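Enquirer: What follows is coords_37.cif, mmCIF, C-alpha atoms.
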data_my_file
loop_
_atom_site.label_atom_id
_atom_site.label_comp_id
_atom_site.auth_asym_id
_atom_site.auth_seq_id
_atom_site.Cartn_x
_atom_site.Cartn_y
_atom_site.Cartn_z
CA MET A 1 -73.40 -97.20 17.29
CA THR A 2 -76.76 -96.54 18.90
CA GLU A 3 -79.22 -93.92 17.61
CA ALA A 4 -78.42 -91.68 20.57
CA GLU A 5 -74.67 -91.95 19.94
CA ILE A 6 -75.14 -91.12 16.26
CA GLN A 7 -77.28 -88.10 17.18
CA LYS A 8 -74.70 -86.93 19.71
CA GLU A 9 -71.98 -87.25 17.09
CA GLN A 10 -74.06 -85.32 14.57
CA ASP A 11 -74.53 -82.53 17.11
CA LEU A 12 -70.77 -82.43 17.61
CA ILE A 13 -70.23 -82.27 13.83
CA GLU A 14 -72.68 -79.37 13.53
CA LYS A 15 -70.88 -77.64 16.37
CA SER A 16 -67.52 -78.27 14.65
CA LYS A 17 -68.81 -76.70 11.43
CA LYS A 18 -69.17 -73.43 13.34
CA ASN A 19 -66.17 -73.83 15.59
CA PRO A 20 -63.21 -75.95 14.36
CA ARG A 21 -61.92 -76.28 17.95
CA ALA A 22 -64.88 -78.56 18.69
CA PHE A 23 -63.58 -80.96 16.04
CA GLY A 24 -60.78 -81.83 18.46
CA GLU A 25 -63.08 -84.29 20.22
CA LEU A 26 -63.76 -86.16 16.97
CA TYR A 27 -60.04 -86.06 16.19
CA GLU A 28 -59.19 -87.68 19.52
CA ARG A 29 -61.92 -90.27 19.05
CA TYR A 30 -60.90 -91.43 15.59
CA PHE A 31 -57.19 -90.68 15.41
CA ASP A 32 -55.99 -94.20 16.31
CA GLN A 33 -58.40 -95.94 13.94
CA ILE A 34 -57.43 -93.76 11.00
CA TYR A 35 -53.73 -93.88 11.81
CA ASN A 36 -53.80 -97.68 12.02
CA TYR A 37 -55.78 -97.94 8.79
CA ILE A 38 -53.17 -95.83 6.97
CA LEU A 39 -50.32 -97.72 8.63
CA ARG A 40 -51.78 -101.01 7.35
CA GLN A 41 -51.69 -99.56 3.84
CA THR A 42 -48.22 -98.05 3.97
CA GLY A 43 -46.18 -99.97 6.54
CA ASP A 44 -44.34 -96.77 7.42
CA ASP A 45 -44.92 -95.00 10.76
CA GLU A 46 -43.74 -91.55 9.66
CA LEU A 47 -45.68 -91.65 6.40
CA ALA A 48 -48.79 -92.86 8.21
CA GLY A 49 -48.43 -89.95 10.68
CA ASP A 50 -48.17 -87.41 7.83
CA LEU A 51 -51.05 -88.86 5.82
CA CYS A 52 -53.17 -89.12 8.97
CA SER A 53 -52.64 -85.42 9.76
CA GLN A 54 -53.49 -84.51 6.16
CA THR A 55 -56.63 -86.66 6.39
CA PHE A 56 -57.88 -84.68 9.38
CA VAL A 57 -56.91 -81.35 7.78
CA ASN A 58 -58.91 -82.34 4.67
CA ALA A 59 -61.80 -83.47 6.86
CA LEU A 60 -61.78 -80.12 8.64
CA ASN A 61 -61.55 -78.22 5.33
CA ASN A 62 -64.50 -80.11 3.88
CA LEU A 63 -66.58 -80.36 7.05
CA PRO A 64 -69.05 -77.62 5.96
CA ARG A 65 -70.01 -79.88 3.04
CA TYR A 66 -70.42 -83.01 5.18
CA GLU A 67 -73.94 -84.45 5.27
CA PHE A 68 -75.12 -87.46 7.22
CA ARG A 69 -76.04 -90.22 4.75
CA GLY A 70 -76.67 -93.10 7.09
CA PHE A 71 -73.02 -93.97 7.61
CA PRO A 72 -70.97 -93.37 10.74
CA PHE A 73 -68.72 -90.31 10.61
CA SER A 74 -65.70 -92.64 10.77
CA ALA A 75 -66.62 -94.04 7.31
CA TRP A 76 -66.22 -90.54 5.87
CA LEU A 77 -62.81 -90.27 7.54
CA TYR A 78 -61.80 -93.70 6.18
CA LYS A 79 -62.80 -92.54 2.70
CA ILE A 80 -60.65 -89.40 2.98
CA ALA A 81 -57.76 -91.47 4.39
CA GLY A 82 -58.05 -93.96 1.51
CA ASN A 83 -57.96 -91.08 -0.99
CA GLU A 84 -54.86 -89.66 0.71
CA VAL A 85 -53.12 -93.06 0.53
CA ASN A 86 -54.05 -93.46 -3.15
CA LYS A 87 -52.84 -89.94 -3.88
CA HIS A 88 -49.52 -90.75 -2.21
CA TYR A 89 -49.03 -93.93 -4.27
CA ARG A 90 -50.05 -92.19 -7.51
CA LYS A 91 -47.55 -89.41 -6.85
CA HIS A 92 -44.67 -91.71 -5.91
CA LYS A 93 -45.60 -94.49 -8.35
CA GLY A 94 -44.73 -97.09 -5.74
CA LYS A 95 -46.15 -100.50 -4.93
CA ILE A 96 -49.02 -100.42 -2.44
CA ILE A 97 -47.81 -102.00 0.79
CA PHE A 98 -50.33 -103.84 2.91
CA SER A 99 -48.72 -104.21 6.30
CA ILE A 100 -50.90 -106.65 8.19
CA GLU A 101 -50.39 -107.99 11.67
CA GLU A 102 -49.19 -111.57 11.82
CA LEU A 103 -51.09 -112.14 15.05
CA LYS A 104 -54.35 -111.02 13.47
CA VAL A 105 -53.78 -113.35 10.49
CA ARG A 106 -53.17 -116.24 12.89
CA GLU A 107 -56.30 -115.34 14.85
CA LEU A 108 -58.40 -115.29 11.70
CA ILE A 109 -57.09 -118.65 10.56
CA GLU A 110 -57.44 -120.20 14.02
CA GLN A 111 -61.10 -119.15 14.17
CA THR A 112 -61.94 -121.41 11.27
CA ASN A 113 -59.15 -123.87 10.87
CA ASP A 114 -57.51 -125.84 13.69
CA ASP A 115 -55.16 -127.63 11.37
CA TRP A 116 -52.72 -124.99 10.14
CA ASP A 117 -48.96 -124.42 10.07
CA GLU A 118 -46.39 -121.75 9.20
CA GLU A 119 -46.22 -122.89 5.60
CA LEU A 120 -49.94 -122.23 5.20
CA ILE A 121 -49.44 -118.60 6.26
CA THR A 122 -46.55 -118.16 3.81
CA ARG A 123 -48.63 -119.63 0.99
CA LEU A 124 -51.59 -117.48 2.00
CA ILE A 125 -49.50 -114.31 1.82
CA GLN A 126 -48.13 -115.37 -1.56
CA TYR A 127 -51.66 -115.97 -2.76
CA MET A 128 -52.83 -112.57 -1.47
CA ASN A 129 -49.95 -110.93 -3.34
CA GLU A 130 -51.40 -112.30 -6.54
CA LEU A 131 -54.95 -111.11 -5.87
CA PRO A 132 -56.09 -107.87 -7.51
CA THR A 133 -55.34 -104.87 -5.25
CA GLU A 134 -59.06 -103.92 -5.08
CA MET A 135 -59.83 -107.35 -3.64
CA VAL A 136 -57.13 -107.02 -0.96
CA GLN A 137 -58.50 -103.58 -0.05
CA VAL A 138 -61.95 -105.07 0.53
CA LEU A 139 -60.53 -107.96 2.58
CA GLU A 140 -58.46 -105.54 4.64
CA LEU A 141 -61.48 -103.39 5.48
CA ARG A 142 -63.64 -106.43 6.19
CA PHE A 143 -61.29 -108.47 8.37
CA PHE A 144 -58.77 -105.98 9.79
CA GLU A 145 -60.95 -102.89 10.19
CA ASN A 146 -64.12 -104.90 10.89
CA LYS A 147 -66.26 -102.81 8.56
CA ASP A 148 -69.62 -104.00 7.25
CA PHE A 149 -70.28 -104.22 3.52
CA LYS A 150 -72.39 -101.07 3.44
CA GLU A 151 -69.53 -99.06 4.92
CA ILE A 152 -66.93 -100.77 2.70
CA GLY A 153 -69.01 -99.80 -0.32
CA PHE A 154 -69.12 -96.18 0.82
CA ILE A 155 -65.39 -96.06 1.63
CA LEU A 156 -64.31 -97.59 -1.67
CA ASP A 157 -66.93 -95.83 -3.82
CA MET A 158 -68.79 -98.96 -4.85
CA THR A 159 -72.15 -100.52 -4.13
CA GLU A 160 -72.77 -102.70 -1.10
CA SER A 161 -73.42 -105.70 -3.36
CA GLY A 162 -70.21 -104.95 -5.25
CA ALA A 163 -68.24 -105.04 -1.99
CA LYS A 164 -69.97 -108.29 -1.01
CA MET A 165 -69.28 -109.90 -4.35
CA ARG A 166 -65.60 -108.92 -4.27
CA THR A 167 -65.20 -110.38 -0.78
CA TYR A 168 -67.05 -113.59 -1.63
CA ARG A 169 -64.93 -114.14 -4.71
CA ALA A 170 -61.70 -113.72 -2.74
CA LEU A 171 -62.95 -115.99 0.03
CA ASP A 172 -64.17 -118.62 -2.41
CA LYS A 173 -60.68 -118.72 -3.89
CA LEU A 174 -59.22 -119.04 -0.39
CA ARG A 175 -61.58 -121.88 0.43
CA ILE A 176 -60.73 -123.75 -2.73
CA ASN A 177 -56.97 -123.25 -2.53
CA PHE A 178 -56.36 -123.48 1.21
CA ASN A 179 -59.40 -125.16 2.70
CA ILE A 180 -59.91 -122.05 4.87
CA LYS A 181 -63.45 -121.16 5.79
CA MET A 182 -64.00 -117.57 6.84
CA LYS A 183 -67.26 -116.11 8.03
CA TYR A 184 -68.99 -114.19 5.26
CA ASP A 185 -71.30 -112.20 7.47
CA GLY A 186 -71.05 -110.32 10.74
CA MET B 1 -46.62 -110.01 -8.76
CA GLY B 2 -49.42 -107.45 -8.65
CA LYS B 3 -49.41 -103.75 -7.92
CA HIS B 4 -49.21 -104.42 -4.21
CA GLU B 5 -47.14 -106.28 -1.69
CA ILE B 6 -48.34 -107.91 1.50
CA ARG B 7 -45.97 -107.61 4.44
CA LEU B 8 -46.44 -109.33 7.74
CA ARG B 9 -46.02 -107.06 10.75
CA LYS B 10 -44.65 -108.89 13.77
CA GLN B 11 -45.93 -106.44 16.37
CA ARG B 12 -49.59 -105.73 16.86
CA ILE B 13 -50.53 -102.16 16.00
CA THR B 14 -51.24 -100.30 19.22
CA SER B 15 -52.34 -96.79 20.12
CA ARG B 16 -48.93 -96.15 21.72
CA GLY B 17 -47.27 -96.15 18.28
CA SER B 18 -49.51 -93.38 17.02
CA GLU B 19 -49.18 -91.19 20.12
CA ARG B 20 -46.21 -89.16 18.85
CA PHE B 21 -48.16 -88.12 15.74
CA ARG B 22 -51.24 -87.01 17.65
CA ASN B 23 -51.30 -83.22 17.57
CA TYR B 24 -54.58 -81.47 17.04
CA ASN B 25 -53.09 -77.98 17.36
CA SER B 26 -50.89 -78.56 14.33
CA VAL B 27 -53.91 -79.89 12.36
CA LEU B 28 -55.90 -76.80 13.35
CA LYS B 29 -53.01 -74.52 12.37
CA GLN B 30 -52.66 -76.20 8.97
CA HIS B 31 -56.42 -75.94 8.46
CA GLU B 32 -56.36 -72.19 9.23
CA GLU B 33 -53.44 -71.73 6.83
CA GLU B 34 -55.15 -73.65 4.02
CA LYS B 35 -58.36 -71.71 4.68
CA ARG B 36 -56.45 -68.42 4.39
CA ILE B 37 -54.78 -69.54 1.14
CA LYS B 38 -58.20 -70.57 -0.20
CA VAL B 39 -59.62 -67.12 0.59
CA ILE B 40 -56.64 -65.39 -1.08
CA VAL B 41 -56.98 -67.61 -4.18
CA LYS B 42 -60.73 -66.88 -4.26
CA ILE B 43 -60.19 -63.11 -4.02
CA PHE B 44 -57.47 -63.26 -6.69
CA THR B 45 -59.72 -65.31 -8.99
CA TYR B 46 -62.59 -62.82 -8.57
CA PHE B 47 -60.16 -59.97 -9.22
CA LEU B 48 -58.94 -61.70 -12.42
CA ILE B 49 -62.52 -62.30 -13.58
CA ILE B 50 -63.50 -58.67 -12.94
CA ALA B 51 -60.31 -57.42 -14.65
CA ALA B 52 -61.02 -59.66 -17.64
CA LEU B 53 -64.62 -58.38 -17.84
CA ILE B 54 -63.43 -54.75 -17.68
CA LEU B 55 -60.86 -55.49 -20.39
CA VAL B 56 -63.50 -57.08 -22.63
CA PHE B 57 -65.82 -54.10 -22.01
CA VAL B 58 -63.08 -51.59 -22.90
CA VAL B 59 -62.08 -53.51 -26.05
CA VAL B 60 -65.71 -53.82 -27.21
CA THR B 61 -66.40 -50.10 -26.54
CA ARG B 62 -63.30 -49.09 -28.48
CA LEU B 63 -64.18 -51.36 -31.40
CA GLU B 64 -67.70 -49.96 -31.48
CA HIS B 65 -66.30 -46.43 -31.40
CA LYS B 66 -63.87 -47.27 -34.23
CA GLU B 67 -66.68 -48.73 -36.31
CA GLU B 68 -68.83 -45.67 -35.74
CA THR B 69 -66.12 -43.15 -36.75
CA PRO B 70 -65.46 -44.46 -40.33
CA SER B 71 -69.19 -44.72 -40.96
CA LYS B 72 -69.52 -41.04 -40.02
CA ASN B 73 -66.67 -40.21 -42.41
CA THR B 74 -68.33 -42.20 -45.14
CA SER B 75 -71.60 -40.33 -44.69
CA VAL B 76 -69.77 -36.98 -44.71
CA SER B 77 -67.84 -37.87 -47.88
CA LYS B 78 -71.08 -39.10 -49.46
CA SER B 79 -72.83 -35.83 -48.73
CA ILE B 80 -69.85 -33.86 -50.09
CA THR B 81 -69.99 -35.87 -53.32
CA HIS B 82 -73.72 -35.29 -53.44
CA ILE B 83 -73.30 -31.48 -53.04
CA LYS B 84 -70.49 -31.45 -55.62
CA SER B 85 -72.61 -33.23 -58.19
CA ALA B 86 -75.52 -30.87 -57.50
CA VAL B 87 -73.30 -27.80 -57.96
CA LEU B 88 -71.86 -29.17 -61.20
CA LYS B 89 -75.37 -29.72 -62.54
#
Is it possible to give me this structure as C-alpha cells?
Expert:
Amino acid sequence: MTEAEIQKEQDLIEKSKKNPRAFGELYERYFDQIYNYILRQTGDDELAGDLCSQTFVNALNNLPRYEFRGFPFSAWLYKIAGNEVNKHYRKHKGKIIFSIEELKVRELIEQTNDDWDEELITRLIQYMNELPTEMVQVLELRFFENKDFKEIGFILDMTESGAKMRTYRALDKLRINFNIKMKYDG
Amino acid sequence: MGKHEIRLRKQRITSRGSERFRNYNSVLKQHEEEKRIKVIVKIFTYFLIIAALILVFVVVTRLEHKEETPSKNTSVSKSITHIKSAVLK
C-alpha cells in the first residue's frame, strides 16, 4: 500500500468511528480476504461465514479503540479473525483444520522444484501434520496469505524476528527432508 | 498426529464462494444490538455499584449510631452512680 492509500484508509477509519455506516466500504474491501483466511483455518463454508461476520462485528465494536501502529488495517482484521477461530476451537475442543488449496501447494512446489510427483505432495502434507500448529500458522500466513514477517508478528502476537525464526525452522526442515527450496524473503 | 490436520482443498478459493455470506446490514444490526446490550450492562453495573455504596453507607451510619447510643447510656449510668454515692456520703 502506498502512503496515500494508507492515509485514505485512515481517513475512512476515522469517519467510521463516528458513523458505522462508513465502515461498509472497509467491509466490502476486506470481506473476501478475511473469509478466505478463516475458511483456510476451518475448511467449513458455513462456519467461515459465521466467524467472518463475528470478526467484522468485533472490529466495529472495537473500532473506537483502533490506533494506527504502522500496520495495514487488514492486519488488525486478520488478528481479530485469528482470535475468533481460536475461540471457536477452544470452545469446541476440536482439531484445527488447515484447508489449503491443492493448486496453490503445487504452484509453490513448482516455483522451486521441477522434479516433483504426487507422492511428494502426500509426504509433504503428512510432514506438515506433524509440525507444531504455531509453525503451520506462520507458514499459512506467509505462503497462502502472502503476509510479510512484520505483519505475521502482529497478527500472531509475536515479534517479527520470532515469526522469521519460526518460518526458517519449518523451511529448513522442508529443505532437509524433501529437497524443497522455498524463498525466505519477499 | 498434532493438534491440527491439513486437508487439501481441490477447488481454489474464490470470491464467489463467500458471496452468500456477505451482508453488511446484518453486521451493522448485530453491532447495534451488542452496543445496546453493552450500554444496558454498563448502566446496570453503575446502578449496582451505587446501590452497594448506599448500602455500605446505611450500614456504617447505623453501626455508628448503635455505638453512640450505648456509650450515652454508660455515661448516664455512670453519672447516676456518681450522684448516688454523693448522696450516700
Enquirer: Kindly determine which residues of chain B lie within 8 Å of chain A, considering all atoms listed in the file, and give the answer as JSON, numbers by chain.
Expert: {"B": [1, 2, 3, 4, 5, 6, 7, 8, 9, 10, 11, 12, 13, 15, 17, 18, 21, 22, 24, 27, 28, 30, 31, 34, 35]}
Enquirer: Provide the CA of Phe143 (chain A) to CA of Glu3 (chain A) distance in Å, to one decimal place.
Expert: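 Those two atoms sit 24.9 Å apart.
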Enquirer: Which residue out of A:Pro64, A:Gly153, A:Pro72, A:Gly162 has the minimum interatomic distance to Glu5 (chain A) when only C-alpha atoms are used?
Expert: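 Nearest candidate to Glu5 (chain A) out of A:Pro64, A:Gly153, A:Pro72, A:Gly162: A:Pro72.
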Enquirer: Check what the PyMOL selection byres ((chain A and resi 76) around 12) selects in the file above and give those residues as JSON, numbers by chain.
Expert: {"A": [30, 34, 55, 56, 58, 59, 60, 62, 63, 65, 66, 67, 68, 69, 70, 71, 72, 73, 74, 75, 77, 78, 79, 80, 81, 82, 83, 151, 152, 153, 154, 155, 156, 157]}
Enquirer: For the residues in that selection, give me C-alpha atoms as a PDB file, keeping the file's coordinate frame.
Expert:
ATOM      1  CA  TYR A  30     -60.900 -91.430  15.590  1.00  0.00           C
ATOM      2  CA  ILE A  34     -57.430 -93.760  11.000  1.00  0.00           C
ATOM      3  CA  THR A  55     -56.630 -86.660   6.390  1.00  0.00           C
ATOM      4  CA  PHE A  56     -57.880 -84.680   9.380  1.00  0.00           C
ATOM      5  CA  ASN A  58     -58.910 -82.340   4.670  1.00  0.00           C
ATOM      6  CA  ALA A  59     -61.800 -83.470   6.860  1.00  0.00           C
ATOM      7  CA  LEU A  60     -61.780 -80.120   8.640  1.00  0.00           C
ATOM      8  CA  ASN A  62     -64.500 -80.110   3.880  1.00  0.00           C
ATOM      9  CA  LEU A  63     -66.580 -80.360   7.050  1.00  0.00           C
ATOM     10  CA  ARG A  65     -70.010 -79.880   3.040  1.00  0.00           C
ATOM     11  CA  TYR A  66     -70.420 -83.010   5.180  1.00  0.00           C
ATOM     12  CA  GLU A  67     -73.940 -84.450   5.270  1.00  0.00           C
ATOM     13  CA  PHE A  68     -75.120 -87.460   7.220  1.00  0.00           C
ATOM     14  CA  ARG A  69     -76.040 -90.220   4.750  1.00  0.00           C
ATOM     15  CA  GLY A  70     -76.670 -93.100   7.090  1.00  0.00           C
ATOM     16  CA  PHE A  71     -73.020 -93.970   7.610  1.00  0.00           C
ATOM     17  CA  PRO A  72     -70.970 -93.370  10.740  1.00  0.00           C
ATOM     18  CA  PHE A  73     -68.720 -90.310  10.610  1.00  0.00           C
ATOM     19  CA  SER A  74     -65.700 -92.640  10.770  1.00  0.00           C
ATOM     20  CA  ALA A  75     -66.620 -94.040   7.310  1.00  0.00           C
ATOM     21  CA  LEU A  77     -62.810 -90.270   7.540  1.00  0.00           C
ATOM     22  CA  TYR A  78     -61.800 -93.700   6.180  1.00  0.00           C
ATOM     23  CA  LYS A  79     -62.800 -92.540   2.700  1.00  0.00           C
ATOM     24  CA  ILE A  80     -60.650 -89.400   2.980  1.00  0.00           C
ATOM     25  CA  ALA A  81     -57.760 -91.470   4.390  1.00  0.00           C
ATOM     26  CA  GLY A  82     -58.050 -93.960   1.510  1.00  0.00           C
ATOM     27  CA  ASN A  83     -57.960 -91.080  -0.990  1.00  0.00           C
ATOM     28  CA  GLU A 151     -69.530 -99.060   4.920  1.00  0.00           C
ATOM     29  CA  ILE A 152     -66.930-100.770   2.700  1.00  0.00           C
ATOM     30  CA  GLY A 153     -69.010 -99.800  -0.320  1.00  0.00           C
ATOM     31  CA  PHE A 154     -69.120 -96.180   0.820  1.00  0.00           C
ATOM     32  CA  ILE A 155     -65.390 -96.060   1.630  1.00  0.00           C
ATOM     33  CA  LEU A 156     -64.310 -97.590  -1.670  1.00  0.00           C
ATOM     34  CA  ASP A 157     -66.930 -95.830  -3.820  1.00  0.00           C
TER      35      ASP A 157
END
Enquirer: Just to confirm, what's the straight-line distance from CA of Glu140 (chain A) to CA of Ile38 (chain A) in Å (one decimal)?
Expert: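 Going from CA of Glu140 (chain A) over to CA of Ile38 (chain A), I get 11.3 Å.
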Enquirer: Can you measure CA of Glu67 (chain B) to CA of Thr81 (chain B) for me? One decimal in Å is fine.
Expert: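 Between CA of Glu67 (chain B) and CA of Thr81 (chain B) the gap is 21.6 Å.
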Enquirer: In terms of the shortest atom-to-atom distance over only C-alpha atoms, which of A:Arg142, A:Leu124, A:Thr112, A:Arg90 is closest to Tyr168 (chain A)?
Expert: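 Of the candidates, the smallest distance to Tyr168 (chain A) is held by A:Arg142.
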Enquirer: Nearest to Tyr89 (chain A): which of A:Ser16, A:Leu47, A:Arg175, A:Glu145 is it, counting all atoms listed in the file?
Expert: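 Looking at the shortest contact to Tyr89 (chain A), the residue is A:Leu47.
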Enquirer: Please produce region 4-20 of chain A, completed to N, CA and C atoms, as a compact mmCIF listing (two decimals), in the coordinates of the input.
Expert:
# COMPACT_ATOMS: atom_id res chain seq x y z
N ALA A 4 -78.78 -92.83 19.72
CA ALA A 4 -78.42 -91.68 20.57
C ALA A 4 -76.97 -91.24 20.34
N GLU A 5 -76.10 -92.26 20.18
CA GLU A 5 -74.67 -91.95 19.94
C GLU A 5 -74.48 -91.23 18.60
N ILE A 6 -75.22 -91.74 17.59
CA ILE A 6 -75.14 -91.12 16.26
C ILE A 6 -75.62 -89.67 16.33
N GLN A 7 -76.72 -89.46 17.05
CA GLN A 7 -77.28 -88.10 17.18
C GLN A 7 -76.30 -87.18 17.90
N LYS A 8 -75.67 -87.72 18.94
CA LYS A 8 -74.70 -86.93 19.71
C LYS A 8 -73.52 -86.54 18.82
N GLU A 9 -73.10 -87.51 18.00
CA GLU A 9 -71.98 -87.25 17.09
C GLU A 9 -72.36 -86.21 16.04
N GLN A 10 -73.60 -86.31 15.55
CA GLN A 10 -74.06 -85.32 14.57
C GLN A 10 -74.09 -83.91 15.16
N ASP A 11 -74.50 -83.84 16.42
CA ASP A 11 -74.53 -82.53 17.11
C ASP A 11 -73.11 -81.96 17.19
N LEU A 12 -72.18 -82.85 17.50
CA LEU A 12 -70.77 -82.43 17.61
C LEU A 12 -70.24 -81.96 16.25
N ILE A 13 -70.65 -82.65 15.19
CA ILE A 13 -70.23 -82.27 13.83
C ILE A 13 -70.78 -80.89 13.48
N GLU A 14 -72.06 -80.68 13.81
CA GLU A 14 -72.68 -79.37 13.53
C GLU A 14 -71.96 -78.27 14.30
N LYS A 15 -71.61 -78.61 15.54
CA LYS A 15 -70.88 -77.64 16.37
C LYS A 15 -69.50 -77.35 15.75
N SER A 16 -68.86 -78.41 15.25
CA SER A 16 -67.52 -78.27 14.65
C SER A 16 -67.55 -77.45 13.37
N LYS A 17 -68.69 -77.49 12.66
CA LYS A 17 -68.81 -76.70 11.43
C LYS A 17 -68.70 -75.21 11.75
N LYS A 18 -69.21 -74.85 12.94
CA LYS A 18 -69.17 -73.43 13.34
C LYS A 18 -67.88 -73.10 14.06
N ASN A 19 -67.38 -74.07 14.82
CA ASN A 19 -66.17 -73.83 15.59
C ASN A 19 -65.19 -75.01 15.44
N PRO A 20 -64.14 -74.84 14.61
CA PRO A 20 -63.21 -75.95 14.36
C PRO A 20 -62.56 -76.53 15.62
